[in-house]
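Novice: Contents are compact mmCIF, C-alpha atoms; file name structure-v7.txt:
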# COMPACT_ATOMS: atom_id res chain seq x y z
CA MET A 21 256.65 141.83 136.54
CA PHE A 22 258.68 139.97 139.17
CA LEU A 23 255.51 138.66 140.86
CA PHE A 24 254.09 137.42 137.57
CA VAL A 25 257.34 135.69 136.52
CA THR A 26 257.52 134.03 139.94
CA PHE A 27 253.88 132.93 139.57
CA PHE A 28 254.62 131.52 136.10
CA ILE A 29 257.53 129.45 137.51
CA VAL A 30 255.35 128.23 140.40
CA VAL A 31 252.63 127.09 137.98
CA ILE A 32 255.20 125.17 135.91
CA ILE A 33 256.50 123.49 139.09
CA GLN A 34 252.95 122.54 140.12
CA ILE A 35 252.16 121.09 136.70
CA PHE A 36 255.41 119.12 136.77
CA TYR A 37 254.51 117.59 140.14
CA TYR A 38 250.95 116.70 139.20
CA LEU A 39 251.64 115.42 135.71
CA PHE A 40 255.05 113.75 135.96
CA ILE A 41 255.16 112.65 139.62
CA PHE A 42 251.59 112.25 140.88
CA GLY A 43 250.43 111.09 137.47
CA ARG A 44 252.56 107.97 138.03
CA PHE A 45 249.91 106.79 140.48
CA SER A 46 246.81 108.70 139.46
CA LEU A 47 246.89 107.79 135.77
CA SER A 48 248.04 104.20 136.24
CA LYS A 49 245.76 101.16 136.19
CA THR A 50 244.88 99.52 139.50
CA LYS A 51 246.62 96.18 139.63
CA VAL A 52 244.51 93.03 139.62
CA ILE A 53 245.19 91.04 142.77
CA ASN A 54 245.28 87.29 143.26
CA LEU A 55 242.91 86.33 146.07
CA GLU A 56 243.81 82.64 145.84
CA ASN A 57 247.22 82.96 147.50
CA GLU A 58 247.90 80.99 150.67
CA ILE A 59 250.88 82.89 152.06
CA PRO A 60 250.79 82.58 155.87
CA VAL A 61 250.52 86.03 157.49
CA SER A 62 250.79 87.38 161.03
CA ILE A 63 248.43 90.26 161.87
CA ILE A 64 249.88 92.55 164.55
CA ILE A 65 247.87 95.09 166.52
CA CYS A 66 249.27 97.14 169.41
CA ALA A 67 246.95 98.75 171.94
CA LYS A 68 247.20 101.15 174.83
CA ASN A 69 243.92 101.86 176.59
CA GLU A 70 241.85 100.91 173.57
CA GLU A 71 239.14 98.71 175.07
CA ILE A 72 236.31 100.24 173.01
CA ASN A 73 238.15 100.03 169.68
CA LEU A 74 239.33 96.50 170.44
CA LYS A 75 235.82 95.36 171.27
CA ASN A 76 234.37 96.97 168.14
CA ASN A 77 237.00 96.08 165.55
CA LEU A 78 238.68 92.79 166.48
CA PRO A 79 235.66 90.71 165.35
CA PHE A 80 236.20 91.95 161.79
CA LEU A 81 239.52 90.08 161.69
CA VAL A 82 237.94 86.67 162.22
CA GLU A 83 235.71 87.23 159.19
CA GLN A 84 238.74 87.29 156.87
CA SER A 85 238.70 84.70 154.09
CA HIS A 86 242.46 84.11 154.07
CA PRO A 87 243.21 80.43 154.77
CA ASP A 88 246.20 80.80 157.09
CA PHE A 89 246.87 83.67 159.48
CA GLU A 90 247.61 84.32 163.11
CA ILE A 91 246.63 87.34 165.19
CA ILE A 92 249.11 88.91 167.62
CA LEU A 93 247.75 91.45 170.10
CA VAL A 94 250.16 93.53 172.17
CA ASP A 95 248.89 95.31 175.27
CA ASP A 96 251.21 98.26 175.89
CA MET A 97 250.78 99.02 179.60
CA SER A 98 247.03 99.64 179.39
CA THR A 99 245.22 100.76 182.52
CA ASP A 100 241.73 99.99 181.22
CA ARG A 101 240.17 96.64 180.21
CA SER A 102 242.15 96.28 176.97
CA TYR A 103 243.97 93.14 178.12
CA GLN A 104 240.72 91.50 179.25
CA ILE A 105 239.07 92.31 175.92
CA MET A 106 242.01 90.62 174.18
CA GLN A 107 241.66 87.53 176.39
CA ASP A 108 237.92 87.33 175.74
CA PHE A 109 238.56 87.63 172.01
CA LYS A 110 241.09 84.79 172.13
CA ASP A 111 238.75 82.56 174.11
CA ASN A 112 235.89 83.14 171.68
CA TYR A 113 237.64 82.88 168.33
CA GLU A 114 240.88 80.88 168.54
CA TYR A 115 239.10 77.72 167.47
CA LEU A 116 238.34 78.97 163.94
CA PRO A 117 240.08 76.76 161.30
CA ASN A 118 241.80 79.52 159.31
CA ILE A 119 243.28 81.19 162.40
CA SER A 120 246.43 79.29 163.30
CA LYS A 121 246.79 81.06 166.62
CA ILE A 122 245.86 84.12 168.63
CA LYS A 123 248.75 85.38 170.73
CA ILE A 124 248.49 88.01 173.44
CA LEU A 125 251.58 89.83 174.68
CA LYS A 126 251.50 92.11 177.69
CA ILE A 127 253.95 94.90 178.48
CA SER A 128 253.32 95.72 182.11
CA LYS A 129 256.12 98.14 182.91
CA GLY A 130 258.96 100.14 181.44
CA PHE A 131 259.36 103.27 179.33
CA SER A 132 256.95 103.66 176.43
CA ASN A 133 258.14 105.70 173.44
CA GLY A 134 255.27 105.58 170.99
CA LYS A 135 254.38 102.05 169.93
CA LYS A 136 257.75 100.91 168.62
CA ARG A 137 258.62 98.68 171.58
CA ALA A 138 255.20 97.03 171.51
CA LEU A 139 255.34 96.58 167.74
CA GLY A 140 258.84 95.13 167.94
CA LYS A 141 257.68 92.53 170.49
CA GLY A 142 254.80 91.63 168.21
CA ILE A 143 257.09 91.15 165.21
CA ASN A 144 259.50 89.02 167.26
CA ALA A 145 256.61 86.80 168.33
CA ALA A 146 255.27 86.33 164.79
CA SER A 147 255.45 82.74 163.55
CA ASN A 148 255.12 83.69 159.88
CA LYS A 149 257.57 85.29 157.48
CA PHE A 150 255.28 88.21 156.65
CA VAL A 151 253.53 90.61 159.02
CA LEU A 152 250.51 92.80 158.30
CA LEU A 153 250.02 95.79 160.57
CA THR A 154 246.99 97.87 161.44
CA ASP A 155 245.64 99.91 164.37
CA THR A 156 242.92 99.29 166.92
CA ASP A 157 240.65 101.98 165.47
CA CYS A 158 240.73 100.34 162.03
CA LYS A 159 238.61 97.71 160.37
CA PRO A 160 239.19 95.99 157.01
CA SER A 161 237.00 97.18 154.15
CA SER A 162 236.32 93.59 153.07
CA LYS A 163 236.90 89.96 153.95
CA GLU A 164 239.73 89.84 151.38
CA TRP A 165 241.99 92.38 153.11
CA ILE A 166 244.62 89.86 154.22
CA SER A 167 244.55 87.91 150.95
CA GLY A 168 244.77 91.07 148.87
CA MET A 169 247.67 92.62 150.76
CA SER A 170 249.66 89.38 151.02
CA SER A 171 249.20 88.64 147.31
CA ASN A 172 251.75 91.38 146.61
CA PHE A 173 254.60 89.38 148.16
CA ILE A 174 255.89 88.21 144.78
CA ASP A 175 258.85 89.00 142.51
CA LYS A 176 261.15 90.02 145.38
CA LYS A 177 258.52 92.41 146.80
CA THR A 178 258.83 92.35 150.60
CA ILE A 179 257.02 95.61 151.46
CA VAL A 180 253.39 96.40 150.66
CA LEU A 181 251.94 99.89 151.12
CA GLY A 182 248.16 100.00 151.53
CA TYR A 183 245.60 102.76 151.93
CA GLY A 184 244.14 103.67 155.31
CA ALA A 185 240.87 105.51 154.72
CA TYR A 186 238.71 107.34 157.24
CA GLU A 187 234.99 106.89 157.80
CA LYS A 188 232.76 109.42 156.08
CA ILE A 189 230.68 111.65 158.32
CA SER A 190 227.82 113.52 156.67
CA ASN A 191 227.67 117.32 156.87
CA SER A 192 231.11 117.60 158.48
CA PHE A 193 233.64 119.94 156.89
CA LEU A 194 236.34 118.72 159.30
CA ASN A 195 235.73 115.15 158.15
CA LYS A 196 236.16 116.19 154.53
CA LEU A 197 239.31 118.12 155.44
CA ILE A 198 240.79 115.09 157.21
CA ARG A 199 239.96 112.78 154.32
CA PHE A 200 241.32 115.22 151.74
CA GLU A 201 244.59 115.47 153.66
CA THR A 202 244.70 111.67 153.78
CA LEU A 203 244.02 111.51 150.05
CA MET A 204 246.80 113.98 149.25
CA THR A 205 249.26 112.16 151.53
CA ALA A 206 248.43 108.86 149.84
CA LEU A 207 248.75 110.45 146.39
CA GLN A 208 252.27 111.46 147.32
CA TYR A 209 253.58 108.28 148.93
CA PHE A 210 252.01 106.03 146.30
CA SER A 211 253.41 108.22 143.51
CA TYR A 212 256.94 108.27 144.92
CA ALA A 213 256.77 104.49 145.35
CA LYS A 214 255.74 104.17 141.69
CA LEU A 215 258.60 106.51 140.81
CA GLY A 216 261.03 104.16 142.56
CA ILE A 217 261.82 106.35 145.60
CA PRO A 218 259.33 105.23 148.30
CA TYR A 219 259.46 107.23 151.50
CA MET A 220 256.57 106.24 153.78
CA GLY A 221 253.54 104.12 154.49
CA VAL A 222 250.81 104.34 157.10
CA GLY A 223 250.68 102.09 160.14
CA ARG A 224 246.94 101.62 159.57
CA ASN A 225 247.62 99.38 156.58
CA ILE A 226 251.13 98.18 155.84
CA ALA A 227 252.90 94.84 155.43
CA TYR A 228 256.49 93.64 155.21
CA SER A 229 258.70 90.65 155.82
CA LYS A 230 260.33 89.98 159.15
CA ASP A 231 263.67 89.78 157.32
CA GLU A 232 263.35 93.46 156.36
CA TYR A 233 262.77 94.31 160.00
CA TYR A 234 265.73 92.31 161.25
CA ASN A 235 268.09 93.47 158.51
CA ALA A 236 267.39 97.05 159.58
CA ASN A 237 267.93 96.19 163.27
CA GLY A 238 264.29 96.97 163.88
CA PHE A 239 263.54 100.55 164.85
CA LYS A 240 266.98 101.05 166.41
CA ASP A 241 268.00 103.99 164.21
CA HIS A 242 265.00 106.09 165.25
CA MET A 243 263.97 104.54 168.56
CA HIS A 244 264.50 107.91 170.25
CA ILE A 245 261.70 109.43 168.15
CA LYS A 246 258.16 108.79 169.38
CA SER A 247 256.69 108.39 165.91
CA GLY A 248 258.14 106.86 162.75
CA ASP A 249 257.27 103.18 163.13
CA ASP A 250 255.68 103.48 159.70
CA ASP A 251 257.11 106.41 157.73
CA LEU A 252 260.70 106.51 159.04
CA PHE A 253 260.98 102.74 158.97
CA ILE A 254 259.72 102.54 155.38
CA SER A 255 261.99 105.41 154.38
CA GLN A 256 264.88 103.39 155.80
CA ILE A 257 264.16 100.01 154.20
CA ALA A 258 262.08 100.64 151.07
CA THR A 259 263.60 100.55 147.58
CA LYS A 260 262.33 100.41 144.02
CA GLU A 261 262.95 96.66 143.95
CA ASN A 262 261.33 95.57 147.22
CA THR A 263 258.26 97.83 147.46
CA SER A 264 254.78 97.33 146.07
CA ILE A 265 251.59 99.37 146.45
CA CYS A 266 248.12 97.88 146.80
CA THR A 267 245.23 100.26 146.13
CA ASN A 268 242.37 97.94 145.29
CA LYS A 269 239.30 99.04 147.27
CA ILE A 270 238.89 95.61 148.87
CA VAL A 271 242.19 95.98 150.75
CA PHE A 272 241.58 99.37 152.34
CA THR A 273 241.31 99.75 156.07
CA VAL A 274 238.81 102.22 157.49
CA SER A 275 239.53 104.23 160.64
CA ILE A 276 237.49 106.43 162.93
CA PRO A 277 238.49 110.07 162.27
CA LYS A 278 238.85 112.84 164.78
CA THR A 279 235.69 114.87 165.29
CA ASN A 280 237.32 117.78 167.08
CA ILE A 281 239.59 120.15 165.14
CA LYS A 282 241.90 120.63 168.14
CA ASP A 283 242.44 116.88 168.48
CA TRP A 284 243.18 116.55 164.76
CA PHE A 285 245.51 119.55 164.82
CA ASN A 286 247.50 118.07 167.73
CA GLN A 287 247.61 114.68 166.01
CA LYS A 288 249.08 116.25 162.86
CA ARG A 289 251.56 118.23 164.98
CA ARG A 290 252.92 114.95 166.32
CA HIS A 291 253.00 113.23 162.95
CA ILE A 292 254.88 116.01 161.19
CA THR A 293 257.78 115.84 163.66
CA THR A 294 259.23 112.90 161.73
CA ALA A 295 259.63 114.88 158.48
CA ASN A 296 263.03 116.29 159.50
CA ASN A 297 264.35 112.72 159.59
CA TYR A 298 263.38 111.83 156.03
CA LYS A 299 266.07 111.37 153.43
CA LYS A 300 267.25 114.64 151.89
CA ILE A 301 265.77 113.87 148.48
CA HIS A 302 262.35 113.36 150.05
CA GLN A 303 262.65 116.47 152.22
CA ILE A 304 263.49 118.54 149.12
CA LEU A 305 260.71 117.10 146.96
CA LEU A 306 258.04 117.34 149.66
CA GLY A 307 259.18 120.80 150.76
CA LEU A 308 259.24 122.20 147.23
CA PHE A 309 255.77 120.83 146.57
CA TYR A 310 254.31 122.49 149.66
CA ILE A 311 256.04 125.81 148.93
CA SER A 312 254.76 125.77 145.34
CA GLN A 313 251.23 125.02 146.60
CA PHE A 314 251.34 127.93 149.02
CA LEU A 315 252.85 130.34 146.50
CA PHE A 316 250.33 129.38 143.83
CA TRP A 317 247.40 130.53 145.95
CA PHE A 318 249.21 133.48 147.52
CA LEU A 319 250.54 134.92 144.26
CA ALA A 320 247.32 134.25 142.36
CA ILE A 321 245.36 136.27 144.91
CA VAL A 322 247.96 139.08 145.00
CA LEU A 323 248.16 139.37 141.20
CA LEU A 324 244.38 139.48 140.81
CA LEU A 325 243.88 141.98 143.64
CA LYS A 326 246.62 144.24 142.30
CA ASN A 327 245.26 143.92 138.77
CA ILE A 328 248.63 142.71 137.41
CA TYR A 329 248.51 140.81 134.11
CA VAL A 330 245.00 139.67 134.99
CA GLN A 331 244.27 137.82 131.76
CA LEU A 332 247.58 135.95 131.72
CA THR A 333 247.21 135.18 135.42
CA LEU A 334 243.74 133.71 134.85
CA ILE A 335 245.06 131.63 131.94
CA LEU A 336 247.80 130.19 134.17
CA ILE A 337 245.31 129.50 136.98
CA ILE A 338 243.01 127.64 134.56
CA PHE A 339 245.98 125.81 133.05
CA ARG A 340 247.12 124.60 136.47
CA PHE A 341 243.60 123.55 137.48
CA LEU A 342 243.14 121.47 134.34
CA PHE A 343 246.04 119.23 135.34
CA TRP A 344 245.19 119.47 139.04
CA TYR A 345 241.60 118.31 138.57
CA LEU A 346 242.69 115.50 136.25
CA ILE A 347 245.02 114.05 138.88
CA ILE A 348 242.79 114.73 141.89
CA TYR A 349 239.73 113.22 140.22
CA ASN A 350 241.51 110.02 139.16
CA SER A 351 243.13 109.65 142.59
CA ALA A 352 239.84 110.25 144.41
CA LYS A 353 238.15 107.71 142.15
CA LYS A 354 240.83 105.09 142.89
CA LEU A 355 240.70 105.68 146.63
CA ASN A 356 236.92 105.97 146.90
CA GLU A 357 236.94 109.65 147.90
CA THR A 358 235.01 111.15 144.97
CA ASP A 359 232.65 113.12 147.24
CA LEU A 360 235.62 115.42 147.96
CA PHE A 361 236.09 116.39 144.32
CA PHE A 362 233.90 119.49 144.04
CA LEU A 363 235.11 120.94 147.35
CA ALA A 364 238.75 120.16 146.53
CA PRO A 365 239.97 123.78 145.98
CA VAL A 366 238.51 124.89 149.32
CA LEU A 367 239.94 121.82 151.03
CA GLU A 368 243.35 122.44 149.48
CA ILE A 369 243.38 125.97 150.91
CA GLY A 370 242.33 124.54 154.27
CA ILE A 371 245.13 121.96 154.28
CA ILE A 372 247.78 124.48 153.21
CA SER A 373 246.65 126.85 155.98
CA ALA A 374 246.61 124.07 158.59
CA GLN A 375 250.09 122.87 157.59
CA LEU A 376 251.44 126.42 157.84
CA CYS A 377 249.93 126.81 161.31
CA ILE A 378 251.33 123.43 162.38
CA PHE A 379 254.80 124.34 161.09
CA ILE A 380 254.82 127.67 162.97
CA THR A 381 253.35 126.16 166.15
CA ASN A 382 255.92 123.35 166.21
CA ILE A 383 258.77 125.85 165.88
CA ILE A 384 257.42 127.95 168.75
CA SER A 385 256.47 125.01 170.96
CA PRO A 386 257.60 121.52 169.86
CA PRO A 387 255.16 118.78 170.90
CA LYS A 388 256.46 116.97 173.97
CA LYS A 389 253.59 114.59 174.66
CA TRP A 390 252.72 111.67 172.37
Written as structure tokens, that's how I'd like the structure from this file.
Specialist:
Amino acid sequence: MFLFVTFFIVVIIQIFYYLFIFGRFSLSKTKVINLENEIPVSIIICAKNEEINLKNNLPFLVEQSHPDFEIILVDDMSTDRSYQIMQDFKDNYEYLPNISKIKILKISKGFSNGKKRALGKGINAASNKFVLLTDTDCKPSSKEWISGMSSNFIDKKTIVLGYGAYEKISNSFLNKLIRFETLMTALQYFSYAKLGIPYMGVGRNIAYSKDEYYNANGFKDHMHIKSGDDDLFISQIATKENTSICTNKIVFTVSIPKTNIKDWFNQKRRHITTANNYKKIHQILLGLFYISQFLFWFLAIVLLLKNIYVQLTLILIIFRFLFWYLIIYNSAKKLNETDLFFLAPVLEIGIISAQLCIFITNIISPPKKW
């Protein structure tokens, strides 16, 4: 009886999350964006030993239709040809009429703690009021990326959270797992932003005003943490009034995903280290959601195997999945991840298992290397 009552409570918690929190994003209409805006924007990209990604992805920036933007490239103590690739890019493309300037900054020595120092130098060097950030392994999904993201800087909105998708690789379960985890993460941070309590963005596709950066004294409050230039910083500065989300497909960025499960696992181990520094309300909400996810699957399996209230258990499972599929389908449709829909239950189990392993591994041996 105790197990079944606990399962009933867990199902209610899950339905509450999906319907009343995640439904804020999933069931909302995608906002129409104004592509005619002429807000000057500074694009900032930091690189450390990224010569291949720089060579492959920088040319996509010069194809942008936005009428007024500059590109700032920061070389963070690279030992490969990254700096030379940046110089070649500047020499080839700085003459284009819509690019006001291409600036290259070089950090040649010092202590590197993630990319915060490099990003800070890039922001300080920006000539424009608004900065748009992405990574070297990303490319815009369309020529309207800059225009679409910057069009959200209206009505006191000084922070724009975008979606950073991953390339689709055929016949790869790991690729689907990575993209499903990205989808679920986006579902959460977009939903909490819609709810008025934003807590993170992704460095692959995020924009904000320089004033927000300076008012927060940059990354000073969490400079000692290797990660957090996106999630911890947004958690610090974002409010209901100043934050907007932009989920139109033309303003996605697309990144190259990991193809080795060990590399992905280690990447997620590093990323999750920032969670302990989130605001308490976010820690509670995110933690309760994960626990309810885990307990849903665990208790459902136990109740069915032990033949306890089988019919009622099946009714609750179906009830939960009706709401779950509604939210997942609409979110996947918005974020162009519909091929994940039919595998979603398997992928959810995979993500829950991976997160549990990451949590245990980080307790036993905290990641020391970024």
Novice: For the interface of segment 271-358 of chain A with segment 42-62 of chain A (cut-off 10 Å, counting all atoms listed in the file), please tabulate each contacting residue of segment 271-358 of chain A alongside its nearest pair of atoms and their separation in Å to one decimal, rows sorted by chain and increasing number, as CSV.
Specialist:
residue,atom,partner,partner_atom,distance
A:Val271,CA,A:Ile53,CA,9.9
A:Phe343,CA,A:Gly43,CA,9.5
A:Trp344,CA,A:Phe42,CA,9.8
A:Leu346,CA,A:Ser46,CA,8.6
A:Ile347,CA,A:Ser46,CA,5.7
A:Ile348,CA,A:Ser46,CA,7.6
A:Tyr349,CA,A:Ser46,CA,8.4
A:Asn350,CA,A:Ser46,CA,5.5
A:Ser351,CA,A:Ser46,CA,4.9
A:Ala352,CA,A:Ser46,CA,8.7
A:Lys353,CA,A:Ser46,CA,9.1
A:Lys354,CA,A:Thr50,CA,7.7
A:Leu355,CA,A:Ser46,CA,9.9
Novice: Residues near His86 of chain A, anyone? I mean within 8 Å using all atoms listed in the file, not counting same-chain ones fewer than 4 positions away, as a PyMOL selection string.
Specialist: chain A and resi 58+118+164+166-167
Novice: Could you jot down the atom CA of Ile335 of chain A to atom CA of Phe361 of chain A separation for me, Å, one decimal place?
Specialist: 21.6 Å
Novice: Just want the 10 Å neighbourhood of Cys266 of chain A, counted on only C-alpha atoms, with same-chain residues fewer than 5 positions away dropped. Output as a short mmCIF file (atom, residue, chain, number, x, y, z; two decimals) with C-alpha atoms, keeping the file's coordinate frame.
Specialist:
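After the write, result.cif holds the following:
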data_model
loop_
_atom_site.label_atom_id
_atom_site.label_comp_id
_atom_site.auth_asym_id
_atom_site.auth_seq_id
_atom_site.Cartn_x
_atom_site.Cartn_y
_atom_site.Cartn_z
CA THR A 50 244.88 99.52 139.50
CA LYS A 51 246.62 96.18 139.63
CA VAL A 52 244.51 93.03 139.62
CA ILE A 53 245.19 91.04 142.77
CA GLY A 168 244.77 91.07 148.87
CA MET A 169 247.67 92.62 150.76
CA SER A 170 249.66 89.38 151.02
CA SER A 171 249.20 88.64 147.31
CA ASN A 172 251.75 91.38 146.61
CA VAL A 180 253.39 96.40 150.66
CA LEU A 181 251.94 99.89 151.12
CA GLY A 182 248.16 100.00 151.53
CA TYR A 183 245.60 102.76 151.93
CA PHE A 210 252.01 106.03 146.30
CA ASN A 225 247.62 99.38 156.58
CA ILE A 226 251.13 98.18 155.84
CA VAL A 271 242.19 95.98 150.75
CA PHE A 272 241.58 99.37 152.34
#
Novice: Would you pick out the contacts of segment 245-255 of chain A at 9 Å or less, using only C-alpha atoms, so that residues sharing its chain but fewer than 2 positions from it are not included, and give the list as a ChimeraX atom specification?
Specialist: /A:132-136,139,179,217-224,226,233,236,238-239,241-243,257-259,290-291,293-295,297-299,390
Novice: Could you jot down the atom CA of Lys126 of chain A to atom CA of Asp95 of chain A separation for me, Å, one decimal place?
Specialist: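 Going from atom CA of Lys126 of chain A over to atom CA of Asp95 of chain A covers 4.8 Å.
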Novice: Write out as a short mmCIF file (atom, residue, chain, number, x, y, z; two decimals) with C-alpha atoms, keeping the file's coordinate frame the residues lying within 9 Å of Arg340 of chain A, counting all atoms listed in the file and excluding same-chain residues fewer than 4 positions away.
Specialist:
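Dumped to around14.cif:
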data_model
loop_
_atom_site.label_atom_id
_atom_site.label_comp_id
_atom_site.auth_asym_id
_atom_site.auth_seq_id
_atom_site.Cartn_x
_atom_site.Cartn_y
_atom_site.Cartn_z
CA VAL A 31 252.63 127.09 137.98
CA ILE A 32 255.20 125.17 135.91
CA GLN A 34 252.95 122.54 140.12
CA ILE A 35 252.16 121.09 136.70
CA ILE A 335 245.06 131.63 131.94
CA LEU A 336 247.80 130.19 134.17
CA TRP A 344 245.19 119.47 139.04
CA TYR A 345 241.60 118.31 138.57
#
Novice: Just to confirm, what's the straight-line distance from atom CA of Glu261 of chain A to atom CA of Lys300 of chain A in Å (one decimal)?
Specialist: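 Computing it gives 20.1 Å between the two atoms.
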Novice: May I ask which of the residues A:Asp231, A:Leu152, A:Leu74, A:Phe28 is the closest one to Phe89 of chain A, counting all atoms listed in the file?
Specialist: A:Leu152
Novice: Can you give me N, CA and C atoms for segment 191-202 of chain A, written as a PDB file, in the frame of the given file?
Specialist:
ATOM      1  N   ASN A 191     227.800 115.916 156.455  1.00  0.00           N
ATOM      2  CA  ASN A 191     227.670 117.320 156.870  1.00  0.00           C
ATOM      3  C   ASN A 191     228.774 117.762 157.829  1.00  0.00           C
ATOM      4  N   SER A 192     229.977 117.220 157.631  1.00  0.00           N
ATOM      5  CA  SER A 192     231.110 117.600 158.480  1.00  0.00           C
ATOM      6  C   SER A 192     232.249 118.095 157.594  1.00  0.00           C
ATOM      7  N   PHE A 193     232.537 119.391 157.676  1.00  0.00           N
ATOM      8  CA  PHE A 193     233.640 119.940 156.890  1.00  0.00           C
ATOM      9  C   PHE A 193     234.970 119.407 157.410  1.00  0.00           C
ATOM     10  N   LEU A 194     235.103 119.254 158.732  1.00  0.00           N
ATOM     11  CA  LEU A 194     236.340 118.720 159.300  1.00  0.00           C
ATOM     12  C   LEU A 194     236.606 117.324 158.769  1.00  0.00           C
ATOM     13  N   ASN A 195     235.571 116.493 158.669  1.00  0.00           N
ATOM     14  CA  ASN A 195     235.730 115.150 158.150  1.00  0.00           C
ATOM     15  C   ASN A 195     236.251 115.167 156.714  1.00  0.00           C
ATOM     16  N   LYS A 196     235.698 116.062 155.912  1.00  0.00           N
ATOM     17  CA  LYS A 196     236.160 116.190 154.530  1.00  0.00           C
ATOM     18  C   LYS A 196     237.609 116.686 154.469  1.00  0.00           C
ATOM     19  N   LEU A 197     237.948 117.598 155.382  1.00  0.00           N
ATOM     20  CA  LEU A 197     239.310 118.120 155.440  1.00  0.00           C
ATOM     21  C   LEU A 197     240.299 117.010 155.794  1.00  0.00           C
ATOM     22  N   ILE A 198     239.942 116.201 156.787  1.00  0.00           N
ATOM     23  CA  ILE A 198     240.790 115.090 157.210  1.00  0.00           C
ATOM     24  C   ILE A 198     240.966 114.084 156.071  1.00  0.00           C
ATOM     25  N   ARG A 199     239.883 113.770 155.401  1.00  0.00           N
ATOM     26  CA  ARG A 199     239.960 112.780 154.320  1.00  0.00           C
ATOM     27  C   ARG A 199     240.691 113.321 153.103  1.00  0.00           C
ATOM     28  N   PHE A 200     240.569 114.636 152.852  1.00  0.00           N
ATOM     29  CA  PHE A 200     241.320 115.220 151.740  1.00  0.00           C
ATOM     30  C   PHE A 200     242.816 115.216 152.038  1.00  0.00           C
ATOM     31  N   GLU A 201     243.181 115.523 153.270  1.00  0.00           N
ATOM     32  CA  GLU A 201     244.590 115.470 153.660  1.00  0.00           C
ATOM     33  C   GLU A 201     245.132 114.050 153.539  1.00  0.00           C
ATOM     34  N   THR A 202     244.312 113.073 153.905  1.00  0.00           N
ATOM     35  CA  THR A 202     244.700 111.670 153.780  1.00  0.00           C
ATOM     36  C   THR A 202     244.851 111.274 152.322  1.00  0.00           C
TER      37      THR A 202
END
